[in-house]
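Novice: Following this line is target_7.txt, made up of compact mmCIF, N, CA and C atoms:
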```txt
# COMPACT_ATOMS: atom_id res chain seq x y z
N MET A 1 94.51 -0.02 -46.22
CA MET A 1 94.43 -1.40 -45.81
C MET A 1 95.24 -1.53 -44.51
N ARG A 2 94.64 -2.20 -43.54
CA ARG A 2 95.27 -2.32 -42.24
C ARG A 2 95.29 -3.79 -41.82
N LEU A 3 96.46 -4.26 -41.40
CA LEU A 3 96.60 -5.61 -40.88
C LEU A 3 96.78 -5.53 -39.37
N TYR A 4 95.80 -6.05 -38.65
CA TYR A 4 95.94 -6.18 -37.19
C TYR A 4 96.90 -7.34 -36.96
N HIS A 5 98.07 -6.99 -36.45
CA HIS A 5 99.20 -7.90 -36.47
C HIS A 5 99.85 -8.04 -35.10
N ASN A 6 100.13 -9.28 -34.75
CA ASN A 6 100.92 -9.60 -33.56
C ASN A 6 102.12 -10.40 -34.04
N PRO A 7 103.31 -9.79 -34.05
CA PRO A 7 104.49 -10.48 -34.60
C PRO A 7 104.88 -11.74 -33.84
N ARG A 8 104.33 -11.96 -32.66
CA ARG A 8 104.64 -13.18 -31.91
C ARG A 8 103.77 -14.36 -32.34
N CYS A 9 102.78 -14.08 -33.18
CA CYS A 9 101.84 -15.11 -33.64
C CYS A 9 102.25 -15.61 -35.02
N SER A 10 102.39 -16.92 -35.18
CA SER A 10 102.84 -17.47 -36.47
C SER A 10 101.84 -17.20 -37.58
N LYS A 11 100.55 -17.29 -37.31
CA LYS A 11 99.54 -17.01 -38.34
C LYS A 11 99.60 -15.55 -38.76
N SER A 12 99.82 -14.68 -37.82
CA SER A 12 99.93 -13.25 -38.11
C SER A 12 101.18 -12.98 -38.95
N ARG A 13 102.28 -13.61 -38.61
CA ARG A 13 103.50 -13.46 -39.41
C ARG A 13 103.31 -13.97 -40.83
N GLU A 14 102.57 -15.06 -40.98
CA GLU A 14 102.30 -15.59 -42.31
C GLU A 14 101.47 -14.61 -43.14
N ALA A 15 100.45 -14.02 -42.54
CA ALA A 15 99.62 -13.04 -43.24
C ALA A 15 100.47 -11.83 -43.65
N PHE A 16 101.31 -11.38 -42.75
CA PHE A 16 102.22 -10.26 -43.04
C PHE A 16 103.10 -10.62 -44.23
N SER A 17 103.62 -11.82 -44.25
CA SER A 17 104.49 -12.28 -45.33
C SER A 17 103.74 -12.34 -46.67
N ILE A 18 102.52 -12.84 -46.65
CA ILE A 18 101.72 -12.90 -47.87
C ILE A 18 101.57 -11.51 -48.48
N LEU A 19 101.19 -10.55 -47.66
CA LEU A 19 100.99 -9.18 -48.15
C LEU A 19 102.31 -8.59 -48.65
N SER A 20 103.37 -8.83 -47.93
CA SER A 20 104.68 -8.29 -48.32
C SER A 20 105.16 -8.89 -49.64
N LYS A 21 105.01 -10.20 -49.80
CA LYS A 21 105.45 -10.86 -51.03
C LYS A 21 104.64 -10.42 -52.23
N MET A 22 103.38 -10.06 -51.99
CA MET A 22 102.53 -9.60 -53.08
C MET A 22 102.76 -8.11 -53.38
N ASP A 23 103.65 -7.51 -52.60
CA ASP A 23 103.96 -6.09 -52.74
C ASP A 23 102.72 -5.21 -52.56
N VAL A 24 101.87 -5.62 -51.62
CA VAL A 24 100.66 -4.88 -51.30
C VAL A 24 101.01 -3.84 -50.24
N GLU A 25 100.55 -2.63 -50.45
CA GLU A 25 100.77 -1.58 -49.46
C GLU A 25 99.73 -1.72 -48.35
N PHE A 26 100.21 -1.83 -47.11
CA PHE A 26 99.31 -2.00 -45.98
C PHE A 26 99.94 -1.41 -44.73
N GLU A 27 99.07 -1.15 -43.75
CA GLU A 27 99.53 -0.65 -42.45
C GLU A 27 99.73 -1.85 -41.53
N ASP A 28 100.91 -1.98 -40.99
CA ASP A 28 101.24 -3.01 -40.00
C ASP A 28 100.78 -2.46 -38.66
N TYR A 29 99.56 -2.83 -38.26
CA TYR A 29 98.95 -2.24 -37.08
C TYR A 29 99.16 -3.16 -35.88
N ARG A 30 100.01 -2.72 -34.96
CA ARG A 30 100.35 -3.49 -33.75
C ARG A 30 99.34 -3.18 -32.65
N TYR A 31 98.22 -3.85 -32.70
CA TYR A 31 97.10 -3.57 -31.82
C TYR A 31 97.41 -3.82 -30.34
N LEU A 32 98.36 -4.69 -30.04
CA LEU A 32 98.70 -4.92 -28.63
C LEU A 32 99.40 -3.70 -28.03
N ASP A 33 100.09 -2.94 -28.87
CA ASP A 33 100.75 -1.71 -28.42
C ASP A 33 99.84 -0.49 -28.54
N LEU A 34 99.05 -0.45 -29.61
CA LEU A 34 98.26 0.74 -29.93
C LEU A 34 96.81 0.67 -29.48
N GLY A 35 96.34 -0.52 -29.13
CA GLY A 35 94.92 -0.70 -28.86
C GLY A 35 94.19 -0.84 -30.19
N ILE A 36 92.91 -1.05 -30.11
CA ILE A 36 92.11 -1.19 -31.32
C ILE A 36 91.68 0.19 -31.77
N ASP A 37 91.87 0.48 -33.04
CA ASP A 37 91.50 1.78 -33.59
C ASP A 37 89.98 1.95 -33.48
N THR A 38 89.55 3.05 -32.89
CA THR A 38 88.12 3.26 -32.66
C THR A 38 87.32 3.28 -33.97
N ASP A 39 87.96 3.68 -35.05
CA ASP A 39 87.28 3.68 -36.35
C ASP A 39 87.00 2.28 -36.87
N ASP A 40 87.66 1.28 -36.33
CA ASP A 40 87.53 -0.09 -36.82
C ASP A 40 86.53 -0.95 -36.04
N PHE A 41 86.08 -0.47 -34.90
CA PHE A 41 85.22 -1.32 -34.06
C PHE A 41 83.99 -1.84 -34.80
N ASP A 42 83.28 -0.97 -35.51
CA ASP A 42 82.06 -1.42 -36.18
C ASP A 42 82.35 -2.53 -37.18
N ILE A 43 83.45 -2.41 -37.90
CA ILE A 43 83.83 -3.43 -38.89
C ILE A 43 84.23 -4.72 -38.17
N LEU A 44 85.06 -4.60 -37.14
CA LEU A 44 85.55 -5.78 -36.43
C LEU A 44 84.41 -6.55 -35.76
N LEU A 45 83.44 -5.82 -35.22
CA LEU A 45 82.35 -6.48 -34.49
C LEU A 45 81.37 -7.20 -35.41
N GLN A 46 81.52 -7.02 -36.70
CA GLN A 46 80.70 -7.78 -37.65
C GLN A 46 81.26 -9.18 -37.87
N LEU A 47 82.50 -9.40 -37.47
CA LEU A 47 83.15 -10.69 -37.68
C LEU A 47 82.66 -11.72 -36.67
N LYS A 48 82.35 -12.89 -37.17
CA LYS A 48 82.02 -14.00 -36.28
C LYS A 48 83.33 -14.48 -35.65
N ASP A 49 83.32 -14.81 -34.39
CA ASP A 49 84.49 -15.35 -33.68
C ASP A 49 85.64 -14.35 -33.59
N VAL A 50 85.33 -13.06 -33.44
CA VAL A 50 86.36 -12.03 -33.35
C VAL A 50 87.11 -12.08 -32.01
N ILE A 51 86.52 -12.75 -31.02
CA ILE A 51 87.14 -12.88 -29.70
C ILE A 51 87.92 -14.18 -29.63
N ARG A 52 89.13 -14.09 -29.10
CA ARG A 52 89.95 -15.28 -28.87
C ARG A 52 89.47 -15.95 -27.57
N ILE A 53 88.57 -16.87 -27.71
CA ILE A 53 87.97 -17.55 -26.56
C ILE A 53 89.03 -18.20 -25.68
N SER A 54 90.06 -18.73 -26.29
CA SER A 54 91.10 -19.43 -25.54
C SER A 54 91.86 -18.49 -24.59
N ASP A 55 91.81 -17.19 -24.86
CA ASP A 55 92.51 -16.23 -24.01
C ASP A 55 91.62 -15.59 -22.94
N LEU A 56 90.36 -15.96 -22.93
CA LEU A 56 89.45 -15.43 -21.91
C LEU A 56 89.75 -16.06 -20.56
N ASP A 57 89.62 -15.27 -19.52
CA ASP A 57 89.69 -15.85 -18.18
C ASP A 57 88.29 -15.80 -17.58
N SER A 58 88.12 -16.38 -16.43
CA SER A 58 86.80 -16.53 -15.84
C SER A 58 86.09 -15.21 -15.56
N LYS A 59 86.82 -14.12 -15.38
CA LYS A 59 86.18 -12.83 -15.08
C LYS A 59 85.71 -12.11 -16.35
N ASN A 60 86.06 -12.63 -17.52
CA ASN A 60 85.70 -11.99 -18.79
C ASN A 60 84.62 -12.76 -19.52
N SER A 61 83.45 -12.85 -18.95
CA SER A 61 82.35 -13.48 -19.68
C SER A 61 81.70 -12.42 -20.57
N PHE A 62 81.03 -12.86 -21.64
CA PHE A 62 80.41 -11.90 -22.54
C PHE A 62 79.29 -12.57 -23.32
N ASP A 63 78.41 -11.73 -23.84
CA ASP A 63 77.34 -12.17 -24.71
C ASP A 63 77.79 -11.89 -26.14
N PRO A 64 78.01 -12.91 -26.97
CA PRO A 64 78.52 -12.68 -28.32
C PRO A 64 77.58 -11.89 -29.21
N ASN A 65 76.33 -11.74 -28.80
CA ASN A 65 75.36 -10.98 -29.60
C ASN A 65 75.23 -9.53 -29.14
N ASP A 66 75.88 -9.17 -28.06
CA ASP A 66 75.81 -7.81 -27.52
C ASP A 66 77.02 -7.01 -28.00
N LYS A 67 76.84 -6.21 -29.05
CA LYS A 67 77.94 -5.46 -29.66
C LYS A 67 78.55 -4.44 -28.70
N VAL A 68 77.74 -3.85 -27.84
CA VAL A 68 78.26 -2.88 -26.87
C VAL A 68 79.18 -3.58 -25.88
N GLU A 69 78.77 -4.73 -25.43
CA GLU A 69 79.58 -5.52 -24.50
C GLU A 69 80.88 -5.99 -25.15
N LEU A 70 80.78 -6.46 -26.40
CA LEU A 70 81.98 -6.90 -27.13
C LEU A 70 82.96 -5.75 -27.34
N ARG A 71 82.43 -4.59 -27.67
CA ARG A 71 83.28 -3.42 -27.90
C ARG A 71 84.05 -3.07 -26.62
N LYS A 72 83.35 -3.05 -25.48
CA LYS A 72 84.00 -2.74 -24.21
C LYS A 72 85.05 -3.80 -23.87
N LEU A 73 84.71 -5.06 -24.08
CA LEU A 73 85.64 -6.15 -23.79
C LEU A 73 86.92 -6.00 -24.61
N LEU A 74 86.78 -5.72 -25.90
CA LEU A 74 87.96 -5.56 -26.76
C LEU A 74 88.72 -4.27 -26.47
N PHE A 75 87.98 -3.21 -26.13
CA PHE A 75 88.64 -1.95 -25.79
C PHE A 75 89.52 -2.14 -24.54
N ASP A 76 88.96 -2.83 -23.56
CA ASP A 76 89.69 -3.05 -22.29
C ASP A 76 90.76 -4.14 -22.42
N ASN A 77 90.58 -5.07 -23.34
CA ASN A 77 91.48 -6.22 -23.47
C ASN A 77 91.79 -6.50 -24.94
N PRO A 78 92.59 -5.65 -25.60
CA PRO A 78 92.85 -5.87 -27.02
C PRO A 78 93.50 -7.22 -27.31
N LYS A 79 94.13 -7.84 -26.33
CA LYS A 79 94.74 -9.16 -26.55
C LYS A 79 93.70 -10.22 -26.89
N LEU A 80 92.42 -9.93 -26.62
CA LEU A 80 91.36 -10.89 -26.91
C LEU A 80 90.90 -10.84 -28.37
N LEU A 81 91.43 -9.89 -29.13
CA LEU A 81 91.09 -9.80 -30.55
C LEU A 81 91.72 -10.95 -31.32
N GLN A 82 90.93 -11.61 -32.13
CA GLN A 82 91.45 -12.66 -33.00
C GLN A 82 92.52 -12.05 -33.91
N ARG A 83 93.44 -12.84 -34.37
CA ARG A 83 94.51 -12.34 -35.23
C ARG A 83 94.95 -13.41 -36.21
N PRO A 84 95.47 -12.97 -37.32
CA PRO A 84 95.51 -11.62 -37.85
C PRO A 84 94.15 -11.24 -38.45
N ILE A 85 93.92 -9.96 -38.57
CA ILE A 85 92.71 -9.46 -39.23
C ILE A 85 93.14 -8.41 -40.24
N LEU A 86 92.63 -8.56 -41.44
CA LEU A 86 92.88 -7.57 -42.48
C LEU A 86 91.60 -6.77 -42.69
N ILE A 87 91.75 -5.44 -42.70
CA ILE A 87 90.63 -4.54 -42.99
C ILE A 87 90.95 -3.82 -44.29
N HIS A 88 89.96 -3.84 -45.19
CA HIS A 88 90.15 -3.20 -46.49
C HIS A 88 88.79 -2.74 -47.01
N GLU A 89 88.69 -1.46 -47.31
CA GLU A 89 87.49 -0.87 -47.90
C GLU A 89 86.21 -1.23 -47.14
N GLY A 90 86.25 -1.09 -45.83
CA GLY A 90 85.07 -1.31 -45.01
C GLY A 90 84.72 -2.75 -44.72
N ASN A 91 85.59 -3.67 -45.11
CA ASN A 91 85.38 -5.09 -44.84
C ASN A 91 86.56 -5.62 -44.04
N ALA A 92 86.33 -6.74 -43.38
CA ALA A 92 87.39 -7.36 -42.59
C ALA A 92 87.30 -8.87 -42.72
N VAL A 93 88.45 -9.50 -42.57
CA VAL A 93 88.51 -10.95 -42.58
C VAL A 93 89.58 -11.40 -41.59
N ILE A 94 89.26 -12.47 -40.89
CA ILE A 94 90.23 -13.08 -39.97
C ILE A 94 91.11 -14.01 -40.80
N GLY A 95 92.40 -13.88 -40.65
CA GLY A 95 93.36 -14.67 -41.41
C GLY A 95 93.63 -16.02 -40.78
N ARG A 96 92.64 -16.83 -40.67
CA ARG A 96 92.77 -18.19 -40.14
C ARG A 96 92.06 -19.13 -41.09
N PRO A 97 92.77 -19.74 -41.97
CA PRO A 97 94.21 -19.70 -42.20
C PRO A 97 94.63 -18.36 -42.81
N PRO A 98 95.92 -18.06 -42.76
CA PRO A 98 96.41 -16.76 -43.23
C PRO A 98 96.01 -16.44 -44.67
N GLU A 99 95.90 -17.45 -45.51
CA GLU A 99 95.52 -17.24 -46.91
C GLU A 99 94.12 -16.64 -47.05
N GLN A 100 93.35 -16.71 -45.99
CA GLN A 100 91.99 -16.16 -46.01
C GLN A 100 91.99 -14.66 -46.28
N ILE A 101 93.09 -13.98 -45.95
CA ILE A 101 93.15 -12.54 -46.20
C ILE A 101 93.07 -12.22 -47.69
N LEU A 102 93.41 -13.18 -48.52
CA LEU A 102 93.38 -12.97 -49.98
C LEU A 102 91.96 -12.67 -50.48
N THR A 103 90.96 -13.05 -49.72
CA THR A 103 89.58 -12.80 -50.15
C THR A 103 89.27 -11.31 -50.23
N LEU A 104 90.03 -10.47 -49.53
CA LEU A 104 89.81 -9.03 -49.59
C LEU A 104 90.70 -8.33 -50.61
N LEU A 105 91.54 -9.08 -51.27
CA LEU A 105 92.52 -8.45 -52.17
C LEU A 105 92.11 -8.50 -53.63
N HIS A 106 90.89 -8.83 -53.93
CA HIS A 106 90.46 -8.96 -55.32
C HIS A 106 90.53 -7.66 -56.11
N GLU A 107 90.53 -6.52 -55.42
CA GLU A 107 90.57 -5.23 -56.11
C GLU A 107 91.92 -4.55 -56.02
N VAL A 108 92.90 -5.22 -55.43
CA VAL A 108 94.22 -4.59 -55.25
C VAL A 108 95.08 -4.84 -56.47
```
Go ahead and render the structure in this file as C-alpha cells.
Specialist:
Amino acid sequence: MRLYHNPRCSKSREAFSILSKMDVEFEDYRYLDLGIDTDDFDILLQLKDVIRISDLDSKNSFDPNDKVELRKLLFDNPKLLQRPILIHEGNAVIGRPPEQILTLLHEV
C-alpha cells in the first residue's frame, strides 16, 4: 500500500494520520522528492481529476482524455498530481476528503 503524500498539504497529513491511527502498514511516498513511480502511472491515470488544475500554468495545457499526454505531464511535473492518493492492490483513490482513502481499506 502506497500513500502519495505531501507533508505540506493538510489533506495529505490527515490521510497519513488516518492510516497511522488505524495501524495500517503503508509506504509514505514523497512524490515531490521521488517523482511518480513508473509502476503506478497506469493506476493513477484511471483516476478522474488526477491533475491539480489549480497548479497548472498557461504553458501546461492538456487533453484529459489523452493518457500519453497526461503521463508526460505528470512525469515532467509531479507537483500537478492530486494529493493525497492511496494505492492498494491495483486500485487508487484520491483522498479528498481524506476519509475517502478508507474505501480501499476494506480488506486490510
Novice: Show me, as a count of residues only, the residues that have an atom within 10 Å of A:Lys48 when counting only C-alpha atoms, minus same-chain residues fewer than 3 positions from it.
Specialist: 7
Novice: Using backbone DSSP assignments, extract all strand (DSSP E or B) residues from chain A; output them as a PyMOL selection string.
Specialist: chain A and resi 2-4+27-29+51+81+85-88+91-94
Novice: Show which residues sit within 6 Å of stretch 22-38 of chain A, as a list in words. Count only N, CA and C atoms, and ignore same-chain residues fewer than 6 positions away.
Specialist: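 Contacts, with the query itself left out: Met1, Arg2, Leu3, Tyr4, His5, Asn6, Pro78 and Lys79 of chain A.
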Novice: Okay, now the selection with N, CA and C atoms, as a PDB file, keeping the file's coordinate frame?
Specialist:
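As written to disk, selection-v3.pdb reads:
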```pdb
ATOM      1  N   MET A   1      94.510  -0.020 -46.220  1.00  0.00           N
ATOM      2  CA  MET A   1      94.430  -1.400 -45.810  1.00  0.00           C
ATOM      3  C   MET A   1      95.240  -1.530 -44.510  1.00  0.00           C
ATOM      4  N   ARG A   2      94.640  -2.200 -43.540  1.00  0.00           N
ATOM      5  CA  ARG A   2      95.270  -2.320 -42.240  1.00  0.00           C
ATOM      6  C   ARG A   2      95.290  -3.790 -41.820  1.00  0.00           C
ATOM      7  N   LEU A   3      96.460  -4.260 -41.400  1.00  0.00           N
ATOM      8  CA  LEU A   3      96.600  -5.610 -40.880  1.00  0.00           C
ATOM      9  C   LEU A   3      96.780  -5.530 -39.370  1.00  0.00           C
ATOM     10  N   TYR A   4      95.800  -6.050 -38.650  1.00  0.00           N
ATOM     11  CA  TYR A   4      95.940  -6.180 -37.190  1.00  0.00           C
ATOM     12  C   TYR A   4      96.900  -7.340 -36.960  1.00  0.00           C
ATOM     13  N   HIS A   5      98.070  -6.990 -36.450  1.00  0.00           N
ATOM     14  CA  HIS A   5      99.200  -7.900 -36.470  1.00  0.00           C
ATOM     15  C   HIS A   5      99.850  -8.040 -35.100  1.00  0.00           C
ATOM     16  N   ASN A   6     100.130  -9.280 -34.750  1.00  0.00           N
ATOM     17  CA  ASN A   6     100.920  -9.600 -33.560  1.00  0.00           C
ATOM     18  C   ASN A   6     102.120 -10.400 -34.040  1.00  0.00           C
ATOM     19  N   PRO A  78      92.590  -5.650 -25.600  1.00  0.00           N
ATOM     20  CA  PRO A  78      92.850  -5.870 -27.020  1.00  0.00           C
ATOM     21  C   PRO A  78      93.500  -7.220 -27.310  1.00  0.00           C
ATOM     22  N   LYS A  79      94.130  -7.840 -26.330  1.00  0.00           N
ATOM     23  CA  LYS A  79      94.740  -9.160 -26.550  1.00  0.00           C
ATOM     24  C   LYS A  79      93.700 -10.220 -26.890  1.00  0.00           C
TER      25      LYS A  79
END
```
Novice: Where does DSSP see alpha helix (DSSP H) in stretch 49-99 of chain A, if you list the residues as a ChimeraX atom specification?
Specialist: /A:67-76
Novice: As an exercise, work out the distance from atom C of A:Arg83 to atom N of A:Asp40 in Å and give it to one decimal place.
Specialist: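 These atoms are spaced 16.4 Å apart.
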Novice: Can you tell me, as a ChimeraX atom specification, what residues are no more than 7 Å from stretch 9-17 of chain A when counting only N, CA and C atoms, ignoring any on the same chain fewer than 6 positions away?
Specialist: /A:83-85,95,97-99
Novice: With N, CA and C atoms retained, write the just-selected residues as a JSON list (two decimals), keeping the file's coordinate frame.
Specialist:
```json
[["chain", "number", "residue", "atom", "x", "y", "z"],
["A", 83, "ARG", "N", 93.44, -12.84, -34.37],
["A", 83, "ARG", "CA", 94.51, -12.34, -35.23],
["A", 83, "ARG", "C", 94.95, -13.41, -36.21],
["A", 84, "PRO", "N", 95.47, -12.97, -37.32],
["A", 84, "PRO", "CA", 95.51, -11.62, -37.85],
["A", 84, "PRO", "C", 94.15, -11.24, -38.45],
["A", 85, "ILE", "N", 93.92, -9.96, -38.57],
["A", 85, "ILE", "CA", 92.71, -9.46, -39.23],
["A", 85, "ILE", "C", 93.14, -8.41, -40.24],
["A", 95, "GLY", "N", 92.40, -13.88, -40.65],
["A", 95, "GLY", "CA", 93.36, -14.67, -41.41],
["A", 95, "GLY", "C", 93.63, -16.02, -40.78],
["A", 97, "PRO", "N", 92.77, -19.74, -41.97],
["A", 97, "PRO", "CA", 94.21, -19.70, -42.20],
["A", 97, "PRO", "C", 94.63, -18.36, -42.81],
["A", 98, "PRO", "N", 95.92, -18.06, -42.76],
["A", 98, "PRO", "CA", 96.41, -16.76, -43.23],
["A", 98, "PRO", "C", 96.01, -16.44, -44.67],
["A", 99, "GLU", "N", 95.90, -17.45, -45.51],
["A", 99, "GLU", "CA", 95.52, -17.24, -46.91],
["A", 99, "GLU", "C", 94.12, -16.64, -47.05]]
```
Novice: Just the number, please: distance in Å from atom CA of A:Asp57 to atom CA of A:Ala92, one decimal.
Specialist: 25.9 Å
Novice: When you draw a straight line from atom C of A:Arg71 to atom C of A:Arg96, how long is it in Å?
Specialist: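 Atom C of A:Arg96 lies at a distance of 23.1 Å from atom C of A:Arg71.
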Novice: Counting only C-alpha atoms, which of A:Val50, A:Leu19, A:Ile101, A:Ile87 gets nearest to A:Leu73?
Specialist: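 So, comparing all the options, the nearest one is A:Val50.
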Novice: Kindly indicate which residue among A:Leu105, A:Lys67, A:Lys72, A:Phe62 lies nearest to A:His88, using only C-alpha atoms for the distances.
Specialist: A:Leu105
